[in-house]
$ cat my_file28.cif   # mmCIF, C-alpha atoms
data_work
#
loop_
_atom_site.label_atom_id
_atom_site.label_comp_id
_atom_site.auth_asym_id
_atom_site.auth_seq_id
_atom_site.Cartn_x
_atom_site.Cartn_y
_atom_site.Cartn_z
CA MET A 307 -27.20 9.93 34.51
CA SER A 308 -30.50 8.10 34.82
CA HIS A 309 -32.07 10.15 32.03
CA ARG A 310 -29.78 8.44 29.49
CA PRO A 311 -30.82 5.20 27.81
CA SER A 312 -27.56 3.71 29.11
CA SER A 313 -24.67 5.03 31.15
CA GLY A 314 -20.93 5.03 31.68
CA LEU A 315 -18.87 2.31 30.08
CA ALA A 316 -21.87 0.54 28.54
CA ALA A 317 -22.93 3.69 26.67
CA VAL A 318 -19.43 4.41 25.41
CA SER A 319 -18.94 0.78 24.34
CA THR A 320 -22.25 0.74 22.48
CA ALA A 321 -21.32 3.89 20.56
CA LEU A 322 -17.83 2.65 19.65
CA LEU A 323 -19.10 -0.76 18.52
CA ALA A 324 -21.71 0.90 16.31
CA MET A 325 -19.05 3.00 14.58
CA SER A 326 -16.76 0.01 14.01
CA ARG A 327 -19.41 -1.92 12.06
CA HIS A 328 -19.33 0.35 9.01
CA LEU A 329 -16.71 0.99 6.32
CA GLU A 330 -18.51 3.37 3.95
CA VAL A 331 -17.74 7.01 4.81
CA ARG A 332 -21.39 8.09 4.62
CA ASP A 333 -22.49 5.22 6.88
CA VAL A 334 -19.75 6.04 9.38
CA LEU A 335 -20.82 9.69 9.49
CA LYS A 336 -24.45 8.73 10.11
CA THR A 337 -23.46 6.30 12.86
CA ILE A 338 -21.25 8.85 14.60
CA VAL A 339 -24.08 11.38 14.66
CA ALA A 340 -26.68 8.88 15.86
CA SER A 341 -24.31 7.54 18.52
CA ALA A 342 -23.50 11.03 19.82
CA ARG A 343 -27.16 12.00 19.99
CA GLU A 344 -28.09 8.83 21.89
CA LEU A 345 -25.08 8.88 24.19
CA LEU A 346 -25.73 12.44 25.37
CA ASP A 347 -29.52 12.26 25.06
CA ALA A 348 -29.82 15.27 22.76
CA GLU A 349 -32.71 16.23 20.53
CA TYR A 350 -30.51 17.11 17.55
CA ALA A 351 -27.02 16.11 16.36
CA ALA A 352 -24.96 16.93 13.27
CA LEU A 353 -21.51 16.29 11.84
CA GLY A 354 -19.94 18.53 9.21
CA VAL A 355 -16.93 17.61 7.04
CA PRO A 356 -15.33 20.75 5.55
CA ASP A 357 -14.45 21.21 1.90
CA ASP A 358 -11.67 23.46 0.57
CA HIS A 359 -13.93 26.35 -0.43
CA GLY A 360 -15.45 27.70 2.77
CA GLY A 361 -18.36 25.26 2.98
CA PHE A 362 -19.07 21.67 3.92
CA ALA A 363 -18.37 18.71 1.64
CA GLN A 364 -20.76 16.62 3.78
CA PHE A 365 -23.18 17.50 6.56
CA VAL A 366 -25.07 14.70 8.28
CA VAL A 367 -27.92 15.29 10.76
CA ASP A 368 -29.90 13.16 13.19
CA GLY A 369 -33.19 14.24 14.77
CA VAL A 370 -34.36 16.09 11.63
CA SER A 371 -36.68 14.34 9.17
CA ASP A 372 -35.82 14.09 5.48
CA GLU A 373 -38.72 16.44 4.72
CA GLN A 374 -37.45 19.03 7.20
CA TRP A 375 -33.92 18.73 5.84
CA ARG A 376 -35.07 19.36 2.28
CA ALA A 377 -37.02 22.41 3.44
CA ILE A 378 -33.98 23.85 5.24
CA GLY A 379 -32.10 24.15 1.94
CA PRO A 380 -28.42 24.07 0.90
CA LEU A 381 -25.60 22.86 3.13
CA PRO A 382 -24.44 25.47 5.65
CA ARG A 383 -21.38 27.61 5.08
CA GLN A 384 -18.51 27.81 7.53
CA HIS A 385 -19.58 30.80 9.58
CA GLY A 386 -20.63 31.61 13.12
CA ILE A 387 -20.44 28.76 15.61
CA LEU A 388 -19.73 26.26 12.81
CA ALA A 389 -16.62 28.16 11.82
CA ALA A 390 -15.42 28.25 15.43
CA MET A 391 -15.37 24.45 15.51
CA LEU A 392 -13.29 24.16 12.36
CA HIS A 393 -10.83 27.02 12.72
CA LYS A 394 -10.17 27.23 16.46
CA ALA A 395 -10.32 23.49 17.10
CA GLU A 396 -11.80 24.09 20.54
CA PRO A 397 -14.98 22.80 22.21
CA GLU A 398 -18.00 25.09 22.53
CA ARG A 399 -20.61 24.59 25.28
CA LEU A 400 -23.35 27.21 25.35
CA ALA A 401 -26.48 27.60 27.47
CA ASP A 402 -28.28 29.25 24.54
CA VAL A 403 -26.67 29.39 21.11
CA ARG A 404 -29.06 32.15 20.05
CA GLU A 405 -27.52 34.55 22.57
CA ASP A 406 -23.95 34.03 21.35
CA PRO A 407 -22.62 37.09 19.44
CA ARG A 408 -21.47 34.83 16.61
CA PHE A 409 -24.99 33.49 16.01
CA GLU A 410 -26.25 34.55 12.57
CA GLY A 411 -29.69 32.95 12.52
CA TRP A 412 -30.92 30.02 10.48
CA PRO A 413 -33.37 29.28 7.66
CA ALA A 414 -37.11 29.49 8.29
CA ALA A 415 -37.57 25.70 8.26
CA HIS A 416 -34.73 25.14 10.73
CA PRO A 417 -35.84 23.77 14.13
CA GLU A 418 -35.43 25.99 17.19
CA MET A 419 -32.33 25.18 19.23
CA SER A 420 -31.05 26.54 22.52
CA ASP A 421 -28.37 24.72 24.54
CA PHE A 422 -25.46 23.67 22.36
CA LEU A 423 -22.34 21.48 22.54
CA GLY A 424 -19.80 21.25 19.74
CA LEU A 425 -16.39 19.60 19.39
CA PRO A 426 -13.90 19.35 16.52
CA VAL A 427 -13.05 15.91 15.15
CA GLN A 428 -9.29 15.83 14.63
CA ASP A 429 -6.79 13.51 12.97
CA GLY A 430 -3.54 14.65 14.53
CA GLU A 431 -3.48 18.43 14.10
CA GLU A 432 -5.90 18.41 11.16
CA THR A 433 -9.58 19.13 11.78
CA ILE A 434 -11.49 16.68 9.61
CA GLY A 435 -14.95 17.46 10.93
CA ALA A 436 -17.05 19.11 13.62
CA LEU A 437 -19.63 17.40 15.81
CA PHE A 438 -22.63 19.39 17.08
CA LEU A 439 -25.37 18.62 19.60
CA ALA A 440 -28.36 20.76 20.57
CA ASN A 441 -31.32 20.69 22.96
CA LYS A 442 -30.35 18.23 25.64
CA ARG A 443 -33.41 16.28 26.74
CA CYS A 444 -34.32 17.20 30.29
CA ARG A 445 -36.13 15.50 33.10
CA ALA A 446 -39.80 16.29 33.59
CA ALA A 447 -39.00 19.13 36.00
CA ALA A 448 -37.02 21.02 33.39
CA PRO A 449 -38.55 21.07 29.87
CA ALA A 450 -36.10 20.82 26.97
CA GLY A 451 -35.36 23.89 24.90
CA ASP A 452 -36.53 26.23 27.67
CA GLY A 453 -33.22 26.93 29.33
CA GLY A 454 -34.07 24.55 32.19
CA CYS A 455 -31.09 22.28 31.66
CA GLY A 456 -28.16 21.95 29.35
CA PHE A 457 -25.01 20.05 28.53
CA THR A 458 -22.56 19.46 31.36
CA ALA A 459 -18.80 19.15 31.68
CA GLU A 460 -19.33 15.38 31.91
CA ASP A 461 -21.22 15.49 28.60
CA GLU A 462 -18.31 17.38 27.05
CA GLU A 463 -15.83 14.78 28.31
CA LEU A 464 -17.91 11.90 26.94
CA LEU A 465 -18.29 13.63 23.58
CA SER A 466 -14.54 14.25 23.50
CA ILE A 467 -13.91 10.51 23.83
CA LEU A 468 -16.44 9.80 21.12
CA ALA A 469 -14.90 12.45 18.84
CA GLN A 470 -11.46 10.83 19.12
CA HIS A 471 -12.89 7.48 18.07
CA ALA A 472 -14.95 9.17 15.36
CA ALA A 473 -11.65 10.35 13.86
CA ILE A 474 -10.38 6.77 13.87
CA ALA A 475 -13.56 5.45 12.27
CA LEU A 476 -13.67 8.19 9.65
CA THR A 477 -9.97 7.79 8.76
CA ASN A 478 -10.39 4.03 8.42
CA ALA A 479 -13.51 4.44 6.26
CA ARG A 480 -11.66 6.80 3.92
CA LEU A 481 -8.80 4.32 3.65
CA TYR A 482 -11.28 1.55 2.84
CA GLU A 483 -12.98 3.51 0.09
CA ARG A 484 -9.63 4.42 -1.39
CA SER A 485 -8.57 0.76 -1.43
CA ARG A 486 -11.50 -0.23 -3.65
CA GLU A 487 -10.33 1.99 -6.49
CA LEU A 488 -7.21 -0.01 -7.21
CA THR A 489 -6.48 -3.70 -7.66
CA ILE A 490 -6.80 -5.68 -4.45
CA ALA A 491 -3.29 -7.15 -4.46
CA GLU A 492 -1.46 -3.84 -4.87
CA GLU A 493 -3.74 -1.90 -2.58
CA ARG A 494 -3.02 -4.31 0.29
CA SER A 495 0.51 -2.91 0.42
CA ARG A 496 -0.58 0.70 0.20
CA LEU A 497 -3.28 0.28 2.82
CA ALA A 498 -0.82 -1.46 5.13
CA HIS A 499 1.58 1.48 4.82
CA GLU A 500 -1.13 3.99 5.69
CA LEU A 501 -2.50 1.84 8.49
CA HIS A 502 0.96 1.63 10.02
CA ASP A 503 1.25 5.43 10.01
CA ALA A 504 -2.27 6.17 11.19
CA VAL A 505 -4.00 3.29 12.94
CA SER A 506 -1.12 2.13 15.15
CA GLN A 507 -1.01 5.62 16.65
CA LYS A 508 -4.79 5.56 17.06
CA LEU A 509 -4.58 2.28 18.94
CA PHE A 510 -2.28 3.98 21.41
CA SER A 511 -4.87 6.73 21.72
CA LEU A 512 -7.46 4.04 22.39
CA ARG A 513 -5.57 2.98 25.52
CA LEU A 514 -5.60 6.53 26.82
CA THR A 515 -9.27 7.14 26.10
CA ALA A 516 -10.22 3.80 27.62
CA GLN A 517 -8.50 4.89 30.83
CA ALA A 518 -10.35 8.19 30.67
CA ALA A 519 -13.65 6.35 30.30
CA ALA A 520 -12.94 4.47 33.53
CA ALA A 521 -13.15 7.72 35.48
CA LEU A 522 -16.71 8.23 34.19
CA VAL A 523 -18.10 4.95 35.46
CA ASP A 524 -19.84 5.32 38.82
CA ARG A 525 -21.17 1.79 39.19
CA ASP A 526 -18.67 -0.84 40.40
CA PRO A 527 -15.62 1.28 39.53
CA ALA A 528 -13.08 -1.38 40.55
CA ARG A 529 -14.48 -3.91 38.10
CA ALA A 530 -14.84 -1.31 35.35
CA LYS A 531 -11.24 -0.21 35.71
CA GLY A 532 -10.10 -3.82 35.56
CA GLU A 533 -12.03 -4.37 32.34
CA LEU A 534 -10.62 -1.20 30.81
CA GLN A 535 -7.10 -2.23 31.75
CA GLN A 536 -7.65 -5.42 29.78
CA VAL A 537 -8.84 -3.35 26.81
CA ALA A 538 -5.65 -1.31 27.05
CA GLU A 539 -3.50 -4.45 27.06
CA LEU A 540 -5.36 -5.89 24.06
CA ALA A 541 -4.92 -2.64 22.16
CA ALA A 542 -1.18 -2.73 22.84
CA GLU A 543 -1.00 -6.31 21.57
CA ALA A 544 -2.96 -5.38 18.43
CA ALA A 545 -0.52 -2.54 17.73
CA ASP A 546 2.42 -4.95 17.99
CA GLU A 547 0.72 -7.41 15.66
CA LEU A 548 -0.03 -4.68 13.14
CA ARG A 549 3.61 -3.56 13.06
CA ALA A 550 4.73 -7.13 12.50
CA ALA A 551 2.23 -7.62 9.66
CA VAL A 552 3.32 -4.43 7.91
CA VAL A 553 6.96 -5.55 7.95
CA GLU A 554 5.96 -8.72 6.10
CA LEU A 555 3.93 -6.96 3.40
CA ARG A 556 5.73 -5.89 0.23
CA PRO A 557 4.41 -4.37 -3.02
CA ALA A 558 4.49 -7.73 -4.80
CA ALA A 559 3.17 -6.45 -8.13
CA LEU A 560 5.94 -3.85 -8.29
CA ASP A 561 8.65 -6.37 -7.40
CA GLU A 562 7.44 -8.93 -9.92
CA ASP A 563 6.19 -6.81 -12.83
CA GLY A 564 8.12 -3.54 -12.61
CA LEU A 565 6.89 0.03 -12.41
CA VAL A 566 5.58 0.51 -15.96
CA HIS A 567 3.55 -2.70 -16.07
CA THR A 568 2.14 -2.12 -12.56
CA LEU A 569 1.08 1.44 -13.39
CA ARG A 570 -0.45 0.41 -16.70
CA THR A 571 -2.48 -2.37 -15.05
CA GLN A 572 -3.81 -0.11 -12.30
CA ILE A 573 -4.68 2.69 -14.72
CA GLN A 574 -6.59 0.24 -16.92
CA VAL A 575 -8.64 -0.73 -13.85
CA LEU A 576 -9.34 2.91 -13.03
CA ASP A 577 -10.32 3.65 -16.63
CA ARG A 578 -12.93 0.89 -16.47
CA ALA A 579 -14.19 1.87 -13.02
CA HIS A 580 -14.69 5.62 -13.58
CA SER A 581 -16.58 7.72 -16.07
CA ALA A 582 -13.45 9.80 -16.74
CA ARG A 583 -11.05 8.63 -19.44
CA VAL A 584 -7.75 7.60 -17.81
CA THR A 585 -4.74 7.04 -20.08
CA PHE A 586 -1.10 6.05 -19.61
CA ASP A 587 1.99 6.55 -21.77
CA SER A 588 5.59 5.51 -21.00
CA PRO A 589 7.87 5.91 -24.04
CA GLY A 590 11.46 4.78 -23.61
CA MET A 591 11.25 4.05 -19.89
CA ARG A 592 13.72 1.77 -18.21
CA ALA A 593 13.94 0.34 -14.71
CA LEU A 594 14.73 2.62 -11.77
CA PRO A 595 16.15 1.73 -8.35
CA ALA A 596 13.57 0.01 -6.14
CA ALA A 597 13.09 2.99 -3.79
CA GLN A 598 12.47 5.38 -6.68
CA GLU A 599 10.01 3.03 -8.35
CA GLU A 600 7.98 2.64 -5.16
CA ALA A 601 7.93 6.41 -4.58
CA VAL A 602 6.76 7.06 -8.16
CA LEU A 603 4.03 4.43 -7.82
CA ARG A 604 2.72 5.86 -4.54
CA VAL A 605 2.66 9.43 -5.84
CA ALA A 606 0.87 8.33 -9.01
CA GLN A 607 -1.74 6.51 -6.90
CA GLU A 608 -2.33 9.51 -4.64
CA ALA A 609 -2.53 11.95 -7.57
CA LEU A 610 -5.00 9.69 -9.40
CA HIS A 611 -7.10 9.30 -6.27
CA ASN A 612 -7.30 13.08 -5.82
CA ALA A 613 -8.18 13.70 -9.46
CA LEU A 614 -10.90 11.05 -9.69
CA ARG A 615 -12.48 11.74 -6.30
CA HIS A 616 -12.30 15.53 -6.11
CA ALA A 617 -11.68 17.15 -9.52
CA GLU A 618 -14.63 15.77 -11.55
CA PRO A 619 -12.48 15.46 -14.69
CA ALA A 620 -13.42 14.22 -18.14
CA VAL A 621 -9.85 13.09 -18.90
CA VAL A 622 -6.85 12.17 -16.74
CA THR A 623 -3.53 11.53 -18.47
CA VAL A 624 -0.52 9.86 -16.86
CA SER A 625 2.91 9.81 -18.48
CA LEU A 626 6.22 8.41 -17.28
CA VAL A 627 9.23 9.36 -19.40
CA ARG A 628 12.99 9.24 -19.11
CA ARG A 629 14.66 12.37 -17.79
CA GLY A 630 18.42 11.79 -18.03
CA PRO A 631 19.24 8.81 -15.80
CA GLY A 632 15.99 9.33 -13.90
CA ALA A 633 12.33 9.78 -14.76
CA LEU A 634 9.53 12.34 -14.90
CA LEU A 635 6.01 11.40 -13.81
CA THR A 636 3.16 13.67 -14.93
CA VAL A 637 -0.48 13.31 -13.82
CA ARG A 638 -2.74 15.87 -15.52
CA ASP A 639 -6.51 16.29 -15.30
CA ASP A 640 -8.97 18.72 -16.92
CA GLY A 641 -11.14 18.97 -13.79
CA LYS A 642 -12.25 21.88 -11.65
CA GLY A 643 -8.82 22.60 -10.18
CA PHE A 644 -8.13 24.48 -6.95
CA ASP A 645 -6.06 27.26 -5.45
CA PRO A 646 -3.04 25.62 -3.75
CA ARG A 647 -2.70 28.59 -1.38
CA THR A 648 -6.28 28.17 -0.17
CA VAL A 649 -5.76 24.47 0.42
CA ARG A 650 -2.67 25.14 2.53
CA SER A 651 -4.32 27.87 4.59
CA ALA A 652 -7.35 25.67 5.23
CA GLY A 653 -5.12 22.91 6.58
CA ARG A 654 -6.41 20.38 4.01
CA HIS A 655 -3.61 19.35 1.74
CA LEU A 656 -5.30 16.58 -0.33
CA GLY A 657 -2.25 14.35 0.15
CA LEU A 658 0.19 16.97 -1.18
CA VAL A 659 2.37 16.77 1.92
CA SER A 660 2.57 12.99 1.62
CA MET A 661 3.49 13.22 -2.07
CA ARG A 662 6.18 15.81 -1.42
CA ASP A 663 7.61 13.70 1.38
CA ARG A 664 7.80 10.66 -0.90
CA ALA A 665 9.49 12.65 -3.65
CA GLY A 666 11.98 14.24 -1.26
CA GLY A 667 12.71 10.88 0.35
CA VAL A 668 14.31 9.60 -2.85
CA GLY A 669 16.05 12.84 -3.80
CA GLY A 670 13.31 14.02 -6.16
CA ARG A 671 10.99 17.01 -6.31
CA LEU A 672 7.26 17.54 -6.74
CA THR A 673 5.56 20.40 -8.58
CA VAL A 674 1.83 21.15 -8.39
CA THR A 675 0.18 23.51 -10.87
CA SER A 676 -3.52 24.27 -10.54
CA ALA A 677 -6.14 27.01 -10.59
CA PRO A 678 -9.93 26.98 -10.19
CA GLY A 679 -11.55 25.85 -13.43
CA ARG A 680 -8.22 25.06 -15.13
CA GLY A 681 -7.42 21.52 -14.01
CA THR A 682 -4.40 20.26 -12.12
CA THR A 683 -0.96 19.02 -13.17
CA ILE A 684 1.32 17.14 -10.78
CA GLU A 685 4.90 16.47 -11.82
CA MET A 686 7.42 14.36 -9.96
CA GLU A 687 11.03 14.15 -11.09
CA VAL A 688 13.30 11.50 -9.55
CA PRO A 689 16.99 10.75 -10.13
CA GLY A 690 18.23 7.44 -11.44
CA GLY A 691 20.68 5.03 -9.81
#
$ encode --input "my_file28.cif" --output "structure tokens"
Amino acid sequence: MSHRPSSGLAAVSTALLAMSRHLEVRDVLKTIVASARELLDAEYAALGVPDDHGGFAQFVVDGVSDEQWRAIGPLPRQHGILAAMLHKAEPERLADVREDPRFEGWPAAHPEMSDFLGLPVQDGEETIGALFLANKRCRAAAPAGDGGCGFTAEDEELLSILAQHAAIALTNARLYERSRELTIAEERSRLAHELHDAVSQKLFSLRLTAQAAAALVDRDPARAKGELQQVAELAAEAADELRAAVVELRPAALDEDGLVHTLRTQIQVLDRAHSARVTFDSPGMRALPAAQEEAVLRVAQEALHNALRHAEPAVVTVSLVRRGPGALLTVRDDGKGFDPRTVRSAGRHLGLVSMRDRAGGVGGRLTVTSAPGRGTTIEMEVPGG
């Protein structure tokens, strides 16, 4: 491994620390790509985040200049080797990508690539991105890009560890960006709930991947394994502390001000923060049981997040009205809409599963109506006490 700028545990640690320093999604993506390229000593690296329409919402590259990237043209579609990463969720290690039957060529300005290594980035069973490397730098005896060397099984194992941590970093960055759209006090509770579901499980994964990294260290293995065991113990302690903190956190604004006032306050903040007009109406509402109020609040937050981040609407309207002893929440936008069947088949549910779970958990139901170019309406009906 002498051809790498660093090796073993030190290289992995450097990459993970670099990813942990950023909270903006775009910065995290750039750091993941740069870390992967440096760790495996590749000439090119890229990370694609899929959208819901057969393309990439984001595609970040390292090793290609801004001028080259502009000359290459639009973001790639999900086809060929790129599609394999996203739909099969399996690693791909090729001696020459150009000889693979799925290869469909590339634009004229695209650099020549030969040896290739790609892995999916997964959050649970969902593929949230795909990490690609090309043209491993070779020693002087074997020039790069000439078939003289390529990525190894060890490279694939290292990239697999990095991809698992990339999922953690990307998930945390998305949670951070979401938290900034709502008031700080209320979002603390929501973020804590999501962190409990996601990050505590990731910390457990960290213990496993740290143990896997120990097997890759060939210098002073006894000491390296001892250090990694300490990392595993610290991760376990952090998970325990996180669970304890989540138990103590409550949605204070909801408890003190009630559902209507809390929703109105948050929607006023969103109306000021976004170019879209966001309105709220709640004629004749009365208090609901605590569990129902929290479920309605969480679904409203998720629906508003989806509309403002993905739909590009001019207007978003939120209404909360009495429906017998219960209530009906409606979040409607005039944005670009989507095909719910396509979203389900692509494995990217835009929080719909979470919203349905919250509605069902309090005996309610959730209805989603949308079509491309015709906006989206989300309705949640909950029973009363």
$ closest_residue --input "my_file28.cif" --among "A:Arg592, A:Arg408, A:His611, A:Arg680" --to "Gly630 in chain A" --atoms "all atoms listed in the file"
A:Arg592
$ closest_residue --input "my_file28.cif" --among "A:Val523, A:Val668, A:Ala579, A:Ala620" --to "Ala597 in chain A" --atoms "only C-alpha atoms"
A:Val668
$ residues_around --input "my_file28.cif" --residues "Gly590 in chain A" --least-positions-apart "3" --cutoff "12 Å" --atoms "all atoms listed in the file" --output "VMD selection string"
chain A and resid 566 587 593 625 to 634
$ atom_distance --input "my_file28.cif" --atom1 "CA of Val427 in chain A" --atom2 "CA of Ala389 in chain A"
13.2 Å
$ resolve_selection --input "my_file28.cif" --expression "the PyMOL selection byres ((chain A and resi 476) around 9)" --output "list in words"
Met325, Leu329, Glu330, Val331, Val334, Leu335, Ile434, His471, Ala472, Ala473, Ile474, Ala475, Thr477, Asn478, Ala479, Arg480 and Leu481 of chain A
$ closest_residue --input "my_file28.cif" --among "A:Lys442, A:Arg671, A:Arg578, A:Lys531" --to "Leu345 in chain A" --atoms "only C-alpha atoms"
A:Lys442
$ residues_near_point --input "my_file28.cif" --point "(4.0, 17.9, -10.2)" --cutoff "10 Å" --atoms "all atoms listed in the file" --output "short mmCIF file (atom, residue, chain, number, x, y, z; two decimals) with C-alpha atoms, in the frame of the given file"
data_model
loop_
_atom_site.label_atom_id
_atom_site.label_comp_id
_atom_site.auth_asym_id
_atom_site.auth_seq_id
_atom_site.Cartn_x
_atom_site.Cartn_y
_atom_site.Cartn_z
CA VAL A 605 2.66 9.43 -5.84
CA ALA A 609 -2.53 11.95 -7.57
CA LEU A 634 9.53 12.34 -14.90
CA LEU A 635 6.01 11.40 -13.81
CA THR A 636 3.16 13.67 -14.93
CA VAL A 637 -0.48 13.31 -13.82
CA ARG A 638 -2.74 15.87 -15.52
CA LEU A 658 0.19 16.97 -1.18
CA MET A 661 3.49 13.22 -2.07
CA ARG A 662 6.18 15.81 -1.42
CA ARG A 671 10.99 17.01 -6.31
CA LEU A 672 7.26 17.54 -6.74
CA THR A 673 5.56 20.40 -8.58
CA VAL A 674 1.83 21.15 -8.39
CA THR A 675 0.18 23.51 -10.87
CA SER A 676 -3.52 24.27 -10.54
CA THR A 682 -4.40 20.26 -12.12
CA THR A 683 -0.96 19.02 -13.17
CA ILE A 684 1.32 17.14 -10.78
CA GLU A 685 4.90 16.47 -11.82
CA MET A 686 7.42 14.36 -9.96
CA GLU A 687 11.03 14.15 -11.09
#
$ decode --input "my_file28.cif" --residues "range 424-440 of chain A" --atoms "N, CA and C atoms" --output "PDB file, in the first residue's frame"
ATOM      1  N   GLY A 424     -17.168   0.831  -8.277  1.00  0.00           N
ATOM      2  CA  GLY A 424     -18.362   1.552  -7.852  1.00  0.00           C
ATOM      3  C   GLY A 424     -19.080   0.822  -6.743  1.00  0.00           C
ATOM      4  N   LEU A 425     -19.616   1.574  -5.778  1.00  0.00           N
ATOM      5  CA  LEU A 425     -20.399   0.982  -4.693  1.00  0.00           C
ATOM      6  C   LEU A 425     -21.623   1.844  -4.417  1.00  0.00           C
ATOM      7  N   PRO A 426     -22.750   1.217  -4.072  1.00  0.00           N
ATOM      8  CA  PRO A 426     -23.917   1.996  -3.651  1.00  0.00           C
ATOM      9  C   PRO A 426     -23.707   2.560  -2.255  1.00  0.00           C
ATOM     10  N   VAL A 427     -24.301   3.703  -1.983  1.00  0.00           N
ATOM     11  CA  VAL A 427     -24.339   4.288  -0.643  1.00  0.00           C
ATOM     12  C   VAL A 427     -25.751   4.074  -0.128  1.00  0.00           C
ATOM     13  N   GLN A 428     -25.897   3.319   0.958  1.00  0.00           N
ATOM     14  CA  GLN A 428     -27.215   2.895   1.404  1.00  0.00           C
ATOM     15  C   GLN A 428     -27.510   3.357   2.821  1.00  0.00           C
ATOM     16  N   ASP A 429     -28.760   3.764   3.026  1.00  0.00           N
ATOM     17  CA  ASP A 429     -29.297   4.052   4.355  1.00  0.00           C
ATOM     18  C   ASP A 429     -30.336   2.982   4.626  1.00  0.00           C
ATOM     19  N   GLY A 430     -29.962   1.956   5.377  1.00  0.00           N
ATOM     20  CA  GLY A 430     -30.831   0.802   5.523  1.00  0.00           C
ATOM     21  C   GLY A 430     -30.920   0.068   4.196  1.00  0.00           C
ATOM     22  N   GLU A 431     -32.146  -0.124   3.700  1.00  0.00           N
ATOM     23  CA  GLU A 431     -32.332  -0.785   2.418  1.00  0.00           C
ATOM     24  C   GLU A 431     -32.469   0.208   1.265  1.00  0.00           C
ATOM     25  N   GLU A 432     -32.453   1.492   1.577  1.00  0.00           N
ATOM     26  CA  GLU A 432     -32.628   2.508   0.535  1.00  0.00           C
ATOM     27  C   GLU A 432     -31.278   2.959  -0.014  1.00  0.00           C
ATOM     28  N   THR A 433     -31.148   2.964  -1.327  1.00  0.00           N
ATOM     29  CA  THR A 433     -29.938   3.464  -1.970  1.00  0.00           C
ATOM     30  C   THR A 433     -30.064   4.972  -2.136  1.00  0.00           C
ATOM     31  N   ILE A 434     -29.227   5.713  -1.425  1.00  0.00           N
ATOM     32  CA  ILE A 434     -29.313   7.173  -1.444  1.00  0.00           C
ATOM     33  C   ILE A 434     -28.216   7.788  -2.305  1.00  0.00           C
ATOM     34  N   GLY A 435     -27.364   6.964  -2.888  1.00  0.00           N
ATOM     35  CA  GLY A 435     -26.321   7.485  -3.755  1.00  0.00           C
ATOM     36  C   GLY A 435     -25.469   6.353  -4.304  1.00  0.00           C
ATOM     37  N   ALA A 436     -24.560   6.697  -5.182  1.00  0.00           N
ATOM     38  CA  ALA A 436     -23.623   5.726  -5.747  1.00  0.00           C
ATOM     39  C   ALA A 436     -22.264   6.394  -5.882  1.00  0.00           C
ATOM     40  N   LEU A 437     -21.239   5.693  -5.409  1.00  0.00           N
ATOM     41  CA  LEU A 437     -19.883   6.220  -5.371  1.00  0.00           C
ATOM     42  C   LEU A 437     -19.051   5.516  -6.437  1.00  0.00           C
ATOM     43  N   PHE A 438     -18.374   6.295  -7.280  1.00  0.00           N
ATOM     44  CA  PHE A 438     -17.619   5.752  -8.408  1.00  0.00           C
ATOM     45  C   PHE A 438     -16.165   6.201  -8.355  1.00  0.00           C
ATOM     46  N   LEU A 439     -15.261   5.291  -8.698  1.00  0.00           N
ATOM     47  CA  LEU A 439     -13.847   5.625  -8.830  1.00  0.00           C
ATOM     48  C   LEU A 439     -13.338   5.068 -10.152  1.00  0.00           C
ATOM     49  N   ALA A 440     -12.381   5.762 -10.774  1.00  0.00           N
ATOM     50  CA  ALA A 440     -11.832   5.294 -12.049  1.00  0.00           C
ATOM     51  C   ALA A 440     -10.353   5.640 -12.143  1.00  0.00           C
TER      52      ALA A 440
END
